[in-house]
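Just below is one structure, and these are the notes that go with it.
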Amino acid sequence: MEVDFLFQIGDNIVYPMHGVGIIKAIEEKEISGQKQQYYVIKMLISDMQVMIPTGKILSSSIRPVTDIIALKHIIHIFQHGESERLLPWKQRFKVNMDKIKTGKIQESAEVVRDLKRMKKEKALNTSEKKMFDNAHEFLISELRLIKGITENQIKIFS
């Protein structure tokens with residue numbers, strides 16, 4: 001019996017809050033007496049392996065790596081987009097965390113852009129510095145997997 005899967009072995013994916021990974025296998029496992037198919041994902045940044053039931057892949061917000069066409073729009077937003085107005089840091093932190101949790105590259109790029117602009121004006125607090133570092137690392141790791149991207153395009157986000 002052949003089953004259609006959203007992702008195939010070897011596909012590059014983005015897992016919100018974890019970064020980029022590669023689908024290494026699709027395996028059937030029995031856990032708590034119940035057999036299920038799982039994606040086995042090798043996360044590139046943390047070097048950990050994650051298993052997600054194939055039936056829950058959509059609700060996990062995992063998505064394919066962005067393509068070069070979408071990247072051009074993201075570069076424009078990164079360079080020319082307006083930053084959020086100054087909010088109290090706790091509210092700004094929540095807004096940024098919500099953006100990162102969506103897993104959308106555009107939202108993550110906005111967080112990196114806004115925190116990078118703030119960092120130029122004043123030192124970020126510890127929580128925002130950690131958020132910036134993580135969001136930036138996730139963004140750059142995804143950019144490196146986009147087919148057709150140049151090193152100059154990647155440098156725009158650094």
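Labeling convention for the structure tokens: chains A, B, ... as they appear, residues from 1 per chain, ligands from 1 in order of appearance.
Across range 46-99 of chain A, DSSP run on the backbone finds helix (DSSP H, G or I) at A:Thr54, A:Gly55, A:Lys56, A:Ile68, A:Ile69, A:Ala70, A:Leu71, A:Lys72, A:His73, A:Ile74, A:Ile75, A:His76, A:Ile77, A:Phe78, A:Gln79, A:His80, A:Trp89, A:Lys90, A:Gln91, A:Arg92, A:Phe93, A:Lys94, A:Val95, A:Asn96, A:Met97, A:Asp98, A:Lys99.
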Residues near Thr54 in chain A, anyone? I mean within 9 Å using only C-alpha atoms, not counting same-chain ones fewer than 3 positions away, as a list in words.
Phe5, Leu6, Ile26, Gln36, Gln37, Tyr38, Tyr39, Ile57 and Leu58 of chain A
Neighbours of Asp133 in chain A within 12 Å (only C-alpha atoms; same-chain residues fewer than 3 positions away dropped), as number ranges by chain?
A: 108, 111-113, 115-116, 119, 124, 126-130, 136-140, 158
Go ahead and compute the interatomic distance for CA of Ile77 in chain A and CA of Leu143 in chain A, in Å to one decimal.
15.1 Å
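Using only C-alpha atoms, the residues found no farther than 9 Å from Gly21 in chain A, other than those of its own chain fewer than 2 positions away, are Asp11, Asn12, Ile13, Val14, Tyr15, His18, Gly19, Ile23, Lys24, Ile41, Lys42, Met43, Leu44, Ile45 and Gln49 of chain A.
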Take the residues from that selection and write them out as a compact mmCIF listing (two decimals), in the first residue's frame, keeping N, CA and C atoms.
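Output file selection_8.txt follows:
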# COMPACT_ATOMS: atom_id res chain seq x y z
N ASP A 11 14.08 15.97 1.84
CA ASP A 11 13.54 17.33 1.77
C ASP A 11 14.11 18.19 2.90
N ASN A 12 14.41 19.43 2.57
CA ASN A 12 14.79 20.42 3.58
C ASN A 12 13.52 21.08 4.10
N ILE A 13 13.42 21.22 5.42
CA ILE A 13 12.24 21.80 6.04
C ILE A 13 12.64 22.86 7.07
N VAL A 14 11.65 23.65 7.48
CA VAL A 14 11.83 24.61 8.56
C VAL A 14 10.83 24.25 9.65
N TYR A 15 11.33 24.08 10.87
CA TYR A 15 10.50 23.75 12.02
C TYR A 15 10.54 24.97 12.95
N HIS A 18 12.91 25.83 16.02
CA HIS A 18 14.00 24.85 16.00
C HIS A 18 14.97 25.07 14.85
N GLY A 19 14.50 25.72 13.78
CA GLY A 19 15.37 25.99 12.64
C GLY A 19 15.15 25.01 11.49
N ILE A 23 14.55 15.85 6.25
CA ILE A 23 13.79 14.61 6.47
C ILE A 23 14.74 13.45 6.17
N LYS A 24 15.10 12.69 7.21
CA LYS A 24 16.04 11.59 7.05
C LYS A 24 15.34 10.27 6.77
N ILE A 41 13.40 13.70 11.50
CA ILE A 41 14.01 14.93 11.02
C ILE A 41 15.32 15.20 11.76
N LYS A 42 16.36 15.42 11.01
CA LYS A 42 17.67 15.79 11.57
C LYS A 42 17.74 17.31 11.55
N MET A 43 17.74 17.92 12.75
CA MET A 43 17.82 19.37 12.87
C MET A 43 19.29 19.79 12.70
N LEU A 44 19.53 20.76 11.84
CA LEU A 44 20.90 21.12 11.49
C LEU A 44 21.60 21.97 12.54
N ILE A 45 20.88 22.88 13.18
CA ILE A 45 21.53 23.77 14.14
C ILE A 45 21.85 23.04 15.44
N GLN A 49 17.73 14.95 16.65
CA GLN A 49 16.78 14.24 15.80
C GLN A 49 15.39 14.40 16.40
Using only C-alpha atoms, find each residue of range 23-133 of chain A with at least one atom at most 7 Å away from an atom of range 146-156 of chain A; report its shortest atom-to-atom pair and that distance in Å (one decimal), sort the rows by chain and rising residue number, and return the result as a tab-separated table.
residue	atom	partner	partner_atom	distance
A:Val65	CA	A:Ile146	CA	6.7
A:Thr66	CA	A:Ile146	CA	6.5
A:Asp67	CA	A:Ile146	CA	5.8
A:Ile68	CA	A:Ile146	CA	6.4
I need the chosen residues saved as an mmCIF file, in the first residue's frame, with N, CA and C atoms.
data_model
loop_
_atom_site.group_PDB
_atom_site.id
_atom_site.type_symbol
_atom_site.label_atom_id
_atom_site.label_comp_id
_atom_site.auth_asym_id
_atom_site.auth_seq_id
_atom_site.Cartn_x
_atom_site.Cartn_y
_atom_site.Cartn_z
ATOM 1 N N VAL A 65 11.588 24.762 2.835
ATOM 2 C CA VAL A 65 12.478 25.925 2.788
ATOM 3 C C VAL A 65 11.952 26.865 1.703
ATOM 4 N N THR A 66 12.037 28.163 1.971
ATOM 5 C CA THR A 66 11.576 29.191 1.045
ATOM 6 C C THR A 66 12.324 29.087 -0.280
ATOM 7 N N ASP A 67 11.670 29.552 -1.349
ATOM 8 C CA ASP A 67 12.333 29.525 -2.655
ATOM 9 C C ASP A 67 12.889 30.908 -3.000
ATOM 10 N N ILE A 68 13.655 30.973 -4.053
ATOM 11 C CA ILE A 68 14.359 32.198 -4.443
ATOM 12 C C ILE A 68 13.374 33.305 -4.816
#
Nearest to Gln79 in chain A: which of A:Met17, A:Ile62, A:Val95, A:Ala109 is it, counting only C-alpha atoms?
A:Ala109
